[in-house]
$ cat query.txt   # compact mmCIF, C-alpha atoms
# COMPACT_ATOMS: atom_id res chain seq x y z
CA MET A 1 -83.19 124.80 -40.61
CA ALA A 2 -80.27 124.90 -38.28
CA THR A 3 -82.20 123.33 -35.43
CA GLU A 4 -79.25 121.09 -34.67
CA THR A 5 -77.27 123.96 -33.18
CA PRO A 6 -77.70 124.70 -29.52
CA GLY A 7 -78.43 128.35 -30.28
CA ALA A 8 -81.36 127.42 -32.48
CA ASP A 9 -82.67 125.15 -29.75
CA ALA A 10 -82.62 128.01 -27.30
CA ALA A 11 -84.41 130.27 -29.73
CA SER A 12 -87.08 127.83 -30.75
CA SER A 13 -87.83 127.14 -27.13
CA GLY A 14 -88.73 130.82 -26.83
CA GLY A 15 -85.55 132.01 -25.11
CA MET A 16 -83.25 134.83 -26.12
CA PRO A 17 -80.16 133.73 -28.07
CA GLN A 18 -78.39 136.48 -26.14
CA LEU A 19 -78.79 134.49 -22.94
CA ASP A 20 -77.49 131.27 -24.44
CA PHE A 21 -74.27 131.29 -22.49
CA SER A 22 -72.81 128.41 -24.52
CA THR A 23 -72.01 130.90 -27.28
CA TRP A 24 -70.49 133.57 -25.05
CA GLY A 25 -66.99 132.14 -25.14
CA ASN A 26 -67.04 132.07 -28.91
CA GLN A 27 -68.31 135.64 -29.20
CA ILE A 28 -65.88 136.97 -26.61
CA PHE A 29 -62.98 135.30 -28.39
CA TRP A 30 -63.89 136.83 -31.77
CA LEU A 31 -64.73 140.18 -30.16
CA VAL A 32 -61.37 140.44 -28.43
CA LEU A 33 -59.64 139.45 -31.65
CA THR A 34 -61.64 142.04 -33.59
CA LEU A 35 -60.92 144.78 -31.07
CA ILE A 36 -57.20 144.01 -31.09
CA VAL A 37 -57.11 144.11 -34.89
CA ILE A 38 -59.07 147.37 -35.00
CA TYR A 39 -56.91 148.88 -32.29
CA PHE A 40 -53.70 148.12 -34.14
CA VAL A 41 -55.09 149.28 -37.48
CA LEU A 42 -56.18 152.54 -35.89
CA ALA A 43 -53.22 153.18 -33.62
CA ARG A 44 -50.55 152.16 -36.14
CA ILE A 45 -51.96 153.31 -39.47
CA ALA A 46 -55.20 155.25 -39.56
CA LEU A 47 -54.98 157.67 -36.65
CA PRO A 48 -51.36 158.83 -37.15
CA ARG A 49 -52.06 159.26 -40.84
CA ILE A 50 -55.23 161.32 -40.30
CA ALA A 51 -53.49 163.34 -37.58
CA ALA A 52 -50.64 164.05 -40.03
CA ILE A 53 -53.13 165.10 -42.72
CA LEU A 54 -54.93 167.45 -40.33
CA ALA A 55 -51.64 168.89 -39.03
CA GLU A 56 -50.37 169.34 -42.57
CA ARG A 57 -53.57 171.11 -43.57
CA GLN A 58 -53.33 173.33 -40.51
CA GLY A 59 -49.72 174.09 -41.38
CA THR A 60 -50.60 174.86 -44.98
CA ILE A 61 -53.41 177.18 -43.92
CA THR A 62 -51.17 178.92 -41.39
CA SER A 63 -48.31 179.38 -43.84
CA ASP A 64 -50.72 180.51 -46.55
CA LEU A 65 -52.16 183.10 -44.17
CA ALA A 66 -48.65 184.24 -43.28
CA ALA A 67 -47.75 184.49 -46.96
CA ALA A 68 -50.91 186.48 -47.62
CA GLU A 69 -50.04 188.78 -44.72
CA ASP A 70 -46.55 189.16 -46.15
CA LEU A 71 -47.84 189.99 -49.60
CA LYS A 72 -50.28 192.48 -48.13
CA ALA A 73 -47.45 194.21 -46.27
CA LYS A 74 -45.43 194.28 -49.49
CA ALA A 75 -48.37 195.77 -51.38
CA GLU A 76 -48.76 198.43 -48.71
CA GLU A 77 -45.05 199.15 -48.89
CA ALA A 78 -45.24 199.48 -52.66
CA GLU A 79 -48.23 201.77 -52.32
CA ALA A 80 -46.35 203.95 -49.83
CA ALA A 81 -43.33 204.06 -52.15
CA TYR A 82 -45.61 205.03 -55.03
CA GLU A 83 -47.24 207.78 -52.94
CA LYS A 84 -43.82 209.08 -51.95
CA ALA A 85 -42.62 209.06 -55.54
CA LEU A 86 -45.75 210.93 -56.52
CA ILE A 87 -45.20 213.59 -53.85
CA ASP A 88 -41.53 213.89 -54.82
CA ALA A 89 -42.40 214.24 -58.48
CA ARG A 90 -44.97 216.88 -57.65
CA ALA A 91 -42.47 218.82 -55.55
CA GLU A 92 -39.91 218.53 -58.33
CA ALA A 93 -42.43 219.78 -60.84
CA HIS A 94 -43.25 222.71 -58.58
CA ARG A 95 -39.60 223.50 -58.20
CA ILE A 96 -39.00 223.36 -61.96
CA VAL A 97 -42.05 225.54 -62.61
CA ALA A 98 -40.89 228.11 -60.04
CA GLU A 99 -37.40 228.08 -61.48
CA ALA A 100 -38.69 228.57 -64.99
CA LYS A 101 -40.97 231.31 -63.78
CA ALA A 102 -38.08 233.10 -62.05
CA GLU A 103 -35.91 232.76 -65.15
CA ILE A 104 -38.63 234.07 -67.41
CA GLN A 105 -39.30 236.90 -64.97
CA GLY A 106 -35.59 237.82 -65.06
CA ASP A 107 -35.52 237.78 -68.84
CA LEU A 108 -38.71 239.78 -68.92
CA ASP A 109 -37.40 242.32 -66.43
CA ALA A 110 -34.22 242.72 -68.45
CA ALA A 111 -36.15 243.10 -71.68
CA ILE A 112 -38.52 245.62 -70.07
CA ALA A 113 -35.61 247.60 -68.64
CA LYS A 114 -33.92 247.58 -72.02
CA ALA A 115 -37.09 248.66 -73.75
CA ASP A 116 -37.66 251.37 -71.13
CA ALA A 117 -34.15 252.66 -71.66
CA GLU A 118 -34.62 252.65 -75.41
CA ILE A 119 -37.96 254.40 -75.07
CA ALA A 120 -36.43 256.97 -72.70
CA ALA A 121 -33.56 257.59 -75.14
CA LYS A 122 -35.96 257.94 -78.02
CA ALA A 123 -38.19 260.27 -75.99
CA ALA A 124 -35.22 262.45 -75.03
CA GLU A 125 -34.17 262.60 -78.66
CA SER A 126 -37.66 263.50 -79.71
CA GLU A 127 -37.85 266.14 -77.01
CA LYS A 128 -34.60 267.58 -78.20
CA ALA A 129 -35.91 267.61 -81.74
CA ILE A 130 -39.13 269.25 -80.60
CA ALA A 131 -37.15 271.86 -78.61
CA GLU A 132 -35.06 272.57 -81.69
CA ILE A 133 -38.17 272.85 -83.83
CA ARG A 134 -39.80 275.06 -81.20
CA ALA A 135 -36.69 277.29 -81.02
CA GLY A 136 -36.57 277.38 -84.83
CA ALA A 137 -40.24 278.35 -84.90
CA LEU A 138 -39.74 281.14 -82.35
CA GLU A 139 -36.90 282.62 -84.40
CA ALA A 140 -39.04 282.42 -87.51
CA VAL A 141 -41.95 284.07 -85.70
CA LYS A 142 -39.66 286.87 -84.46
CA GLU A 143 -38.22 287.37 -87.94
CA VAL A 144 -41.61 287.36 -89.64
CA ALA A 145 -43.07 289.65 -86.94
CA GLY A 146 -40.10 292.04 -87.24
CA GLU A 147 -40.35 292.17 -91.05
CA THR A 148 -44.08 292.55 -90.92
CA ALA A 149 -43.85 295.29 -88.30
CA GLN A 150 -41.21 297.18 -90.45
CA GLU A 151 -43.38 296.87 -93.56
CA ILE A 152 -46.45 298.09 -91.63
CA VAL A 153 -44.49 301.01 -90.20
CA ALA A 154 -43.10 301.86 -93.68
CA ALA A 155 -46.52 301.63 -95.22
CA MET A 156 -47.84 304.05 -92.65
CA GLY A 157 -45.09 306.47 -93.78
CA GLY A 158 -42.92 306.17 -90.82
CA GLN A 159 -39.30 305.36 -90.53
CA ALA A 160 -38.90 302.56 -88.08
CA ASP A 161 -35.84 301.88 -86.11
CA ALA A 162 -34.82 298.25 -86.63
CA SER A 163 -33.66 297.77 -83.06
CA ALA A 164 -36.79 299.33 -81.56
CA ILE A 165 -38.94 297.00 -83.61
CA ALA A 166 -36.87 293.96 -82.52
CA THR A 167 -37.28 294.95 -78.87
CA ALA A 168 -41.02 295.45 -79.28
CA VAL A 169 -41.43 292.09 -81.07
CA ASP A 170 -39.43 290.34 -78.38
CA ALA A 171 -41.61 291.90 -75.72
CA ARG A 172 -44.80 290.87 -77.56
CA VAL A 173 -43.64 287.30 -78.28
CA LYS A 174 -42.74 286.76 -74.62
CA GLY A 175 -45.90 288.31 -73.31
CA MET B 1 -95.71 124.64 -31.50
CA ALA B 2 -93.93 126.38 -34.35
CA GLU B 3 -95.73 124.21 -36.91
CA SER B 4 -99.17 125.18 -35.67
CA ALA B 5 -98.25 128.85 -35.94
CA GLU B 6 -97.06 128.38 -39.50
CA GLU B 7 -100.35 126.78 -40.41
CA GLY B 8 -102.09 129.90 -39.16
CA GLY B 9 -100.08 132.00 -41.66
CA LEU B 10 -98.41 134.07 -38.97
CA VAL B 11 -94.80 133.18 -38.19
CA PHE B 12 -93.04 135.16 -35.54
CA HIS B 13 -89.41 134.34 -34.95
CA PRO B 14 -88.19 137.81 -34.06
CA MET B 15 -85.30 136.46 -32.05
CA ASP B 16 -84.06 133.93 -34.61
CA GLN B 17 -81.93 136.58 -36.28
CA PHE B 18 -79.78 136.72 -33.15
CA ILE B 19 -78.91 133.01 -33.16
CA ILE B 20 -75.20 132.32 -33.28
CA GLN B 21 -74.60 129.88 -36.12
CA PRO B 22 -71.36 128.24 -37.17
CA LEU B 23 -70.43 129.18 -40.72
CA PHE B 24 -69.25 125.70 -41.68
CA GLY B 25 -71.51 123.55 -39.48
CA GLY B 26 -70.55 121.68 -36.38
CA ASP B 27 -70.80 122.80 -32.80
CA VAL B 28 -70.13 126.29 -31.56
CA THR B 29 -66.88 126.04 -29.62
CA TRP B 30 -64.82 129.04 -28.52
CA TYR B 31 -62.92 129.31 -31.79
CA THR B 32 -65.62 128.24 -34.31
CA PRO B 33 -66.04 130.83 -37.10
CA THR B 34 -69.63 131.93 -36.67
CA ASN B 35 -71.91 134.55 -38.18
CA ALA B 36 -70.89 136.80 -35.28
CA ALA B 37 -67.23 136.39 -36.21
CA LEU B 38 -68.05 137.01 -39.88
CA TRP B 39 -69.82 140.30 -39.21
CA MET B 40 -67.16 141.43 -36.77
CA GLY B 41 -64.73 140.79 -39.61
CA PHE B 42 -66.89 142.91 -41.89
CA SER B 43 -66.64 145.69 -39.29
CA ILE B 44 -62.86 145.47 -39.48
CA ILE B 45 -63.03 145.66 -43.27
CA ALA B 46 -65.41 148.63 -43.10
CA ILE B 47 -63.09 150.45 -40.70
CA ILE B 48 -60.06 149.75 -42.89
CA VAL B 49 -61.91 150.95 -46.01
CA LEU B 50 -63.17 154.05 -44.24
CA LEU B 51 -60.13 155.17 -42.29
CA VAL B 52 -57.13 153.59 -44.01
CA LEU B 53 -58.13 153.46 -47.68
CA GLY B 54 -60.13 156.66 -47.33
CA SER B 55 -57.11 158.61 -46.16
CA ARG B 56 -54.56 156.98 -48.49
CA HIS B 57 -54.19 160.04 -50.75
CA ARG B 58 -53.31 162.29 -47.78
CA ALA B 59 -54.85 165.16 -49.71
CA ILE B 60 -54.82 168.71 -48.38
CA VAL B 61 -58.22 169.14 -49.98
CA PRO B 62 -59.93 165.91 -48.91
CA SER B 63 -61.92 163.58 -51.12
CA ARG B 64 -65.32 162.41 -49.88
CA SER B 65 -64.05 159.26 -48.19
CA GLN B 66 -61.16 161.16 -46.64
CA SER B 67 -63.64 163.73 -45.33
CA ILE B 68 -65.57 160.95 -43.61
CA ALA B 69 -62.38 159.62 -42.04
CA GLU B 70 -61.43 163.12 -40.89
CA LEU B 71 -64.92 163.80 -39.57
CA ALA B 72 -64.93 160.58 -37.56
CA TYR B 73 -61.46 161.37 -36.23
CA GLY B 74 -62.33 164.96 -35.37
CA PHE B 75 -65.64 163.96 -33.81
CA ILE B 76 -64.13 161.52 -31.32
CA TYR B 77 -60.93 163.53 -30.81
CA LYS B 78 -62.91 166.60 -29.83
CA MET B 79 -65.20 164.56 -27.61
CA VAL B 80 -62.24 163.08 -25.71
CA GLU B 81 -60.54 166.47 -25.48
CA ASP B 82 -63.66 168.30 -24.32
CA ILE B 83 -64.66 165.77 -21.68
CA CYS B 84 -61.37 164.32 -20.42
CA GLY B 85 -59.05 167.22 -21.14
CA LYS B 86 -55.59 167.07 -22.66
CA GLU B 87 -54.43 164.11 -20.58
CA GLY B 88 -57.38 162.08 -21.87
CA LEU B 89 -55.96 162.24 -25.40
CA ARG B 90 -53.53 159.46 -24.49
CA TYR B 91 -56.54 157.11 -24.48
CA PHE B 92 -57.99 158.47 -27.72
CA PRO B 93 -57.05 155.36 -29.79
CA TYR B 94 -58.88 153.08 -27.32
CA ILE B 95 -62.00 155.21 -27.42
CA MET B 96 -61.79 155.52 -31.20
CA THR B 97 -61.55 151.71 -31.40
CA LEU B 98 -64.70 151.31 -29.32
CA PHE B 99 -66.63 153.93 -31.30
CA MET B 100 -65.61 152.69 -34.72
CA PHE B 101 -66.35 149.06 -33.84
CA ILE B 102 -69.79 149.83 -32.41
CA VAL B 103 -70.84 152.24 -35.14
CA CYS B 104 -69.66 149.93 -37.95
CA ALA B 105 -71.22 146.83 -36.37
CA ASN B 106 -74.49 148.70 -35.85
CA PHE B 107 -74.68 150.04 -39.39
CA LEU B 108 -73.61 146.77 -41.01
CA GLY B 109 -76.25 145.02 -38.90
CA LEU B 110 -78.89 147.15 -40.63
CA ILE B 111 -78.21 145.37 -43.92
CA PRO B 112 -81.10 142.89 -44.40
CA THR B 113 -80.17 139.32 -43.36
CA ALA B 114 -77.07 140.67 -41.61
CA PHE B 115 -76.05 139.71 -38.13
CA THR B 116 -75.47 142.41 -35.53
CA PRO B 117 -72.72 141.55 -33.04
CA THR B 118 -73.64 144.52 -30.82
CA SER B 119 -77.10 143.05 -30.22
CA HIS B 120 -75.50 140.43 -27.98
CA PHE B 121 -74.85 140.94 -24.31
CA ALA B 122 -71.73 138.83 -24.66
CA VAL B 123 -70.24 141.60 -26.81
CA THR B 124 -71.54 144.66 -24.97
CA VAL B 125 -70.79 143.24 -21.54
CA VAL B 126 -67.19 142.65 -22.57
CA LEU B 127 -66.97 146.17 -23.98
CA ALA B 128 -68.54 147.73 -20.88
CA LEU B 129 -66.49 145.63 -18.46
CA ALA B 130 -63.33 146.50 -20.33
CA VAL B 131 -64.16 150.17 -19.88
CA PHE B 132 -65.17 149.68 -16.24
CA ILE B 133 -62.07 147.72 -15.27
CA THR B 134 -59.73 149.99 -17.22
CA VAL B 135 -61.23 153.10 -15.69
CA THR B 136 -61.18 151.73 -12.16
CA VAL B 137 -57.59 150.51 -12.40
CA LEU B 138 -56.54 153.74 -14.06
CA GLY B 139 -58.27 155.76 -11.34
CA PHE B 140 -56.35 154.00 -8.59
CA VAL B 141 -53.05 154.07 -10.50
CA LYS B 142 -53.33 157.78 -11.25
CA ASN B 143 -54.79 159.00 -7.96
CA GLY B 144 -54.07 156.23 -5.45
CA ALA B 145 -56.54 156.26 -2.60
CA GLY B 146 -57.56 159.74 -3.74
CA PHE B 147 -59.71 158.02 -6.33
CA LEU B 148 -62.11 157.17 -3.49
CA SER B 149 -62.89 160.88 -3.19
CA LEU B 150 -65.09 160.25 -6.22
CA PHE B 151 -67.58 158.75 -3.78
CA TRP B 152 -67.11 161.39 -1.10
CA VAL B 153 -69.13 164.38 -2.26
CA SER B 154 -67.23 167.16 -0.50
CA SER B 155 -69.68 169.83 -1.68
CA ALA B 156 -72.58 168.18 0.19
CA PRO B 157 -73.35 168.76 3.92
CA LEU B 158 -71.24 166.52 6.13
CA ALA B 159 -74.24 164.58 7.47
CA LEU B 160 -75.34 163.63 3.97
CA ARG B 161 -71.95 162.53 2.74
CA PRO B 162 -72.00 158.91 4.01
CA ILE B 163 -75.44 158.36 2.47
CA LEU B 164 -74.30 159.94 -0.78
CA ALA B 165 -71.19 157.78 -0.68
CA VAL B 166 -73.33 154.64 -0.60
CA ILE B 167 -75.46 155.92 -3.47
CA GLU B 168 -72.38 156.91 -5.47
CA LEU B 169 -70.82 153.52 -4.83
CA ILE B 170 -73.92 151.69 -6.02
CA SER B 171 -74.24 153.90 -9.08
CA TYR B 172 -70.57 153.30 -9.83
CA PHE B 173 -71.07 149.54 -9.90
CA VAL B 174 -74.27 149.82 -11.89
CA ARG B 175 -72.36 151.68 -14.61
CA PRO B 176 -71.16 148.61 -16.56
CA VAL B 177 -74.61 147.05 -16.36
CA SER B 178 -76.42 150.07 -17.78
CA HIS B 179 -73.55 150.74 -20.17
CA SER B 180 -73.84 147.28 -21.74
CA ILE B 181 -77.59 146.71 -21.57
CA ARG B 182 -78.35 150.12 -23.08
CA LEU B 183 -76.45 149.30 -26.27
CA ALA B 184 -77.48 145.68 -26.73
CA GLY B 185 -81.05 146.39 -25.63
CA ASN B 186 -81.56 149.22 -28.08
CA VAL B 187 -80.09 147.35 -31.02
CA MET B 188 -81.86 144.09 -30.21
CA ALA B 189 -85.25 145.73 -29.63
CA GLY B 190 -85.13 147.65 -32.90
CA HIS B 191 -84.18 144.59 -34.92
CA ALA B 192 -86.83 142.46 -33.18
CA VAL B 193 -89.56 145.04 -33.83
CA ILE B 194 -88.63 145.17 -37.52
CA LYS B 195 -88.89 141.37 -37.60
CA VAL B 196 -92.31 141.50 -35.94
CA PHE B 197 -93.54 143.97 -38.55
CA ALA B 198 -92.08 141.69 -41.21
CA GLY B 199 -94.11 138.82 -39.75
CA PHE B 200 -97.30 140.89 -40.04
CA ALA B 201 -96.46 141.67 -43.66
CA ALA B 202 -97.48 138.09 -44.50
CA LEU B 203 -101.08 139.02 -43.82
CA THR B 204 -102.48 140.75 -46.91
CA ALA B 205 -104.85 142.96 -44.96
CA VAL B 206 -102.23 144.62 -42.80
CA SER B 207 -99.21 144.27 -45.05
CA PRO B 208 -99.17 147.94 -46.22
CA ILE B 209 -99.15 149.08 -42.63
CA ALA B 210 -96.52 146.49 -41.81
CA VAL B 211 -94.28 147.64 -44.66
CA LEU B 212 -94.74 151.25 -43.55
CA GLY B 213 -93.89 150.15 -40.03
CA ILE B 214 -90.73 148.42 -41.25
CA THR B 215 -89.70 151.57 -43.11
CA ALA B 216 -90.31 153.81 -40.13
CA MET B 217 -88.52 151.45 -37.74
CA TYR B 218 -85.62 151.17 -40.15
CA GLY B 219 -85.27 154.94 -40.20
CA LEU B 220 -85.37 154.99 -36.43
CA GLU B 221 -82.81 152.19 -36.28
CA VAL B 222 -80.41 154.17 -38.47
CA LEU B 223 -80.60 156.93 -35.88
CA VAL B 224 -80.34 154.50 -32.98
CA SER B 225 -77.30 152.81 -34.53
CA PHE B 226 -75.36 156.05 -34.49
CA ILE B 227 -76.80 157.47 -31.28
CA GLN B 228 -76.08 154.33 -29.27
CA ALA B 229 -72.49 154.24 -30.51
CA TYR B 230 -72.22 157.92 -29.61
CA VAL B 231 -73.77 157.38 -26.16
CA PHE B 232 -71.50 154.43 -25.44
CA THR B 233 -68.45 156.47 -26.43
CA ILE B 234 -69.41 159.62 -24.56
CA LEU B 235 -70.15 157.60 -21.40
CA THR B 236 -66.74 155.98 -21.76
CA CYS B 237 -65.25 159.47 -21.90
CA VAL B 238 -67.21 160.55 -18.82
CA TYR B 239 -66.03 157.49 -16.87
CA LEU B 240 -62.48 158.13 -18.02
CA LYS B 241 -62.76 161.73 -16.85
CA ASP B 242 -63.81 160.43 -13.40
CA ALA B 243 -60.68 158.32 -13.31
CA LEU B 244 -58.42 161.17 -14.36
CA HIS B 245 -60.05 163.88 -12.22
CA PRO B 246 -62.00 162.16 -9.42
CA HIS B 247 -62.61 165.34 -7.43
CA HIS B 248 -66.04 166.81 -7.81
$ encode --input "query.txt" --output "structure tokens"
Amino acid sequence: MATETPGADAASSGGMPQLDFSTWGNQIFWLVLTLIVIYFVLARIALPRIAAILAERQGTITSDLAAAEDLKAKAEEAEAAYEKALIDARAEAHRIVAEAKAEIQGDLDAAIAKADAEIAAKAAESEKAIAEIRAGALEAVKEVAGETAQEIVAAMGGQADASAIATAVDARVKG
Amino acid sequence: MAESAEEGGLVFHPMDQFIIQPLFGGDVTWYTPTNAALWMGFSIIAIIVLLVLGSRHRAIVPSRSQSIAELAYGFIYKMVEDICGKEGLRYFPYIMTLFMFIVCANFLGLIPTAFTPTSHFAVTVVLALAVFITVTVLGFVKNGAGFLSLFWVSSAPLALRPILAVIELISYFVRPVSHSIRLAGNVMAGHAVIKVFAGFAALTAVSPIAVLGITAMYGLEVLVSFIQAYVFTILTCVYLKDALHPHH
């Protein structure tokens, strides 16, 4: 055992090695040396480095957040542009539809007018034809009635005046 | 005396672990490399491994060892900032030095057969006196005679103030004593109790209880190692705050 050392003597005699003041100088010397070394290691190397790491991380996070914000704004912008394009396209479509409708309506109106005119012309022609036929028929009726009346009068032994018969037939046909 | 105890089967040398021994024999003079010097050196190595090697990659996403370095940094940085304010951050490296030395020495001292420098009053008294003297000098340099207003409790009734001043003055000078004895006392007591349990472990009948006791004490000592380093550091911050802002 290390009973030769003064510290061991103090301990084996029941005292606390902590109160063996002969070792204080030694401990204080090594402690001060240790503290100085630790201080310089920390102040010169470790702490600035860790501070730089933390600052860099903070900077990265901040710039990443800013970039994300930027991208979000861009996305919103793009969405707005898309919406606007959609509305424009819809309006354009409406306009084209209305235009086409108006054009078709014009064509239709023209065609209808033309058809109406044709129909009217045809109707007038037909009417004229009917009037002719009707006039023709009236003449025929008068002629047949006149002849028939003359025959009847002759058959009854009378002598009929042609003009009197024509007048009578005219009066009958009108009435 | 020791021989008779050994014959009885029970050997208690709970304080032997604290003996300062020269590494290469000879007498302990002021520069002799001793076990205390060796374990202080291990503290330096531990701090370098933890804070310098741990942070060598400077990664944005930290590795485990870098996380520990950053946690230790952030822990003390925030403590100094919260207690002393922005102007206290100038003294952050000093406080970090104290904390890292104490916490590393305490934890390394928990290794079986290790020596714990912080269990010695020589070490803690120097640490506490360094804080005390620094804070006192700093208080007078920063505030001049205004530093004395620390002892003059202006919020108390006028009649009580002189009495309070005496009490404050006494408590001020007791600070380094309690500051140093708290740390060394806690560490020393824990280690000694573990050694006592270890002595009982030689008796077959009680050895299971003794081993359980060692385990429990060891767990407690792990806590104490950190808490005492934390307490020492936070008290340093409080004293520093008094020096920077002496007005109550």
$ closest_residue --input "query.txt" --among "B:Val231, B:Ala105, B:Leu71, B:Ala122" --to "chain A" --atoms "all atoms listed in the file"
B:Ala122
$ residues_around --input "query.txt" --residues "Pro117 of chain B" --least-positions-apart "3" --cutoff "8 Å" --atoms "only C-alpha atoms" --output "list in words"
Ala36, Trp39, Met40, Ala105, Asn106, Gly109, His120 and Val123 of chain B
$ interface_residues --input "query.txt" --of "chain B" --to "chain A" --cutoff "7 Å" --atoms "all atoms listed in the file" --output "short mmCIF file (atom, residue, chain, number, x, y, z; two decimals) with C-alpha atoms, keeping the file's coordinate frame"
data_model
loop_
_atom_site.label_atom_id
_atom_site.label_comp_id
_atom_site.auth_asym_id
_atom_site.auth_seq_id
_atom_site.Cartn_x
_atom_site.Cartn_y
_atom_site.Cartn_z
CA MET B 15 -85.30 136.46 -32.05
CA ASP B 16 -84.06 133.93 -34.61
CA PHE B 18 -79.78 136.72 -33.15
CA ILE B 19 -78.91 133.01 -33.16
CA ILE B 20 -75.20 132.32 -33.28
CA ASP B 27 -70.80 122.80 -32.80
CA VAL B 28 -70.13 126.29 -31.56
CA THR B 29 -66.88 126.04 -29.62
CA TRP B 30 -64.82 129.04 -28.52
CA TYR B 31 -62.92 129.31 -31.79
CA THR B 32 -65.62 128.24 -34.31
CA ALA B 36 -70.89 136.80 -35.28
CA ALA B 37 -67.23 136.39 -36.21
CA MET B 40 -67.16 141.43 -36.77
CA GLY B 41 -64.73 140.79 -39.61
CA ILE B 44 -62.86 145.47 -39.48
CA LEU B 51 -60.13 155.17 -42.29
CA VAL B 52 -57.13 153.59 -44.01
CA SER B 55 -57.11 158.61 -46.16
CA ARG B 58 -53.31 162.29 -47.78
CA ILE B 60 -54.82 168.71 -48.38
CA GLU B 70 -61.43 163.12 -40.89
CA PRO B 93 -57.05 155.36 -29.79
CA TYR B 94 -58.88 153.08 -27.32
CA THR B 97 -61.55 151.71 -31.40
CA HIS B 120 -75.50 140.43 -27.98
CA PHE B 121 -74.85 140.94 -24.31
CA ALA B 122 -71.73 138.83 -24.66
CA VAL B 123 -70.24 141.60 -26.81
#
$ atom_distance --input "query.txt" --atom1 "atom CA of Gly190 of chain B" --atom2 "atom CA of Glu221 of chain B"
6.1 Å
$ atom_distance --input "query.txt" --atom1 "atom CA of Ile227 of chain B" --atom2 "atom CA of Gly185 of chain B"
13.1 Å
$ closest_residue --input "query.txt" --among "A:Glu69, A:Glu132, A:Glu79, A:Glu147" --to "Ser163 of chain A" --atoms "only C-alpha atoms"
A:Glu147
$ atom_distance --input "query.txt" --atom1 "atom CA of Gly54 of chain B" --atom2 "atom CA of Thr34 of chain B"
28.6 Å
$ closest_residue --input "query.txt" --among "B:Ile68, B:Leu223, B:Ile48, B:Ala184" --to "Ser119 of chain B" --atoms "all atoms listed in the file"
B:Ala184
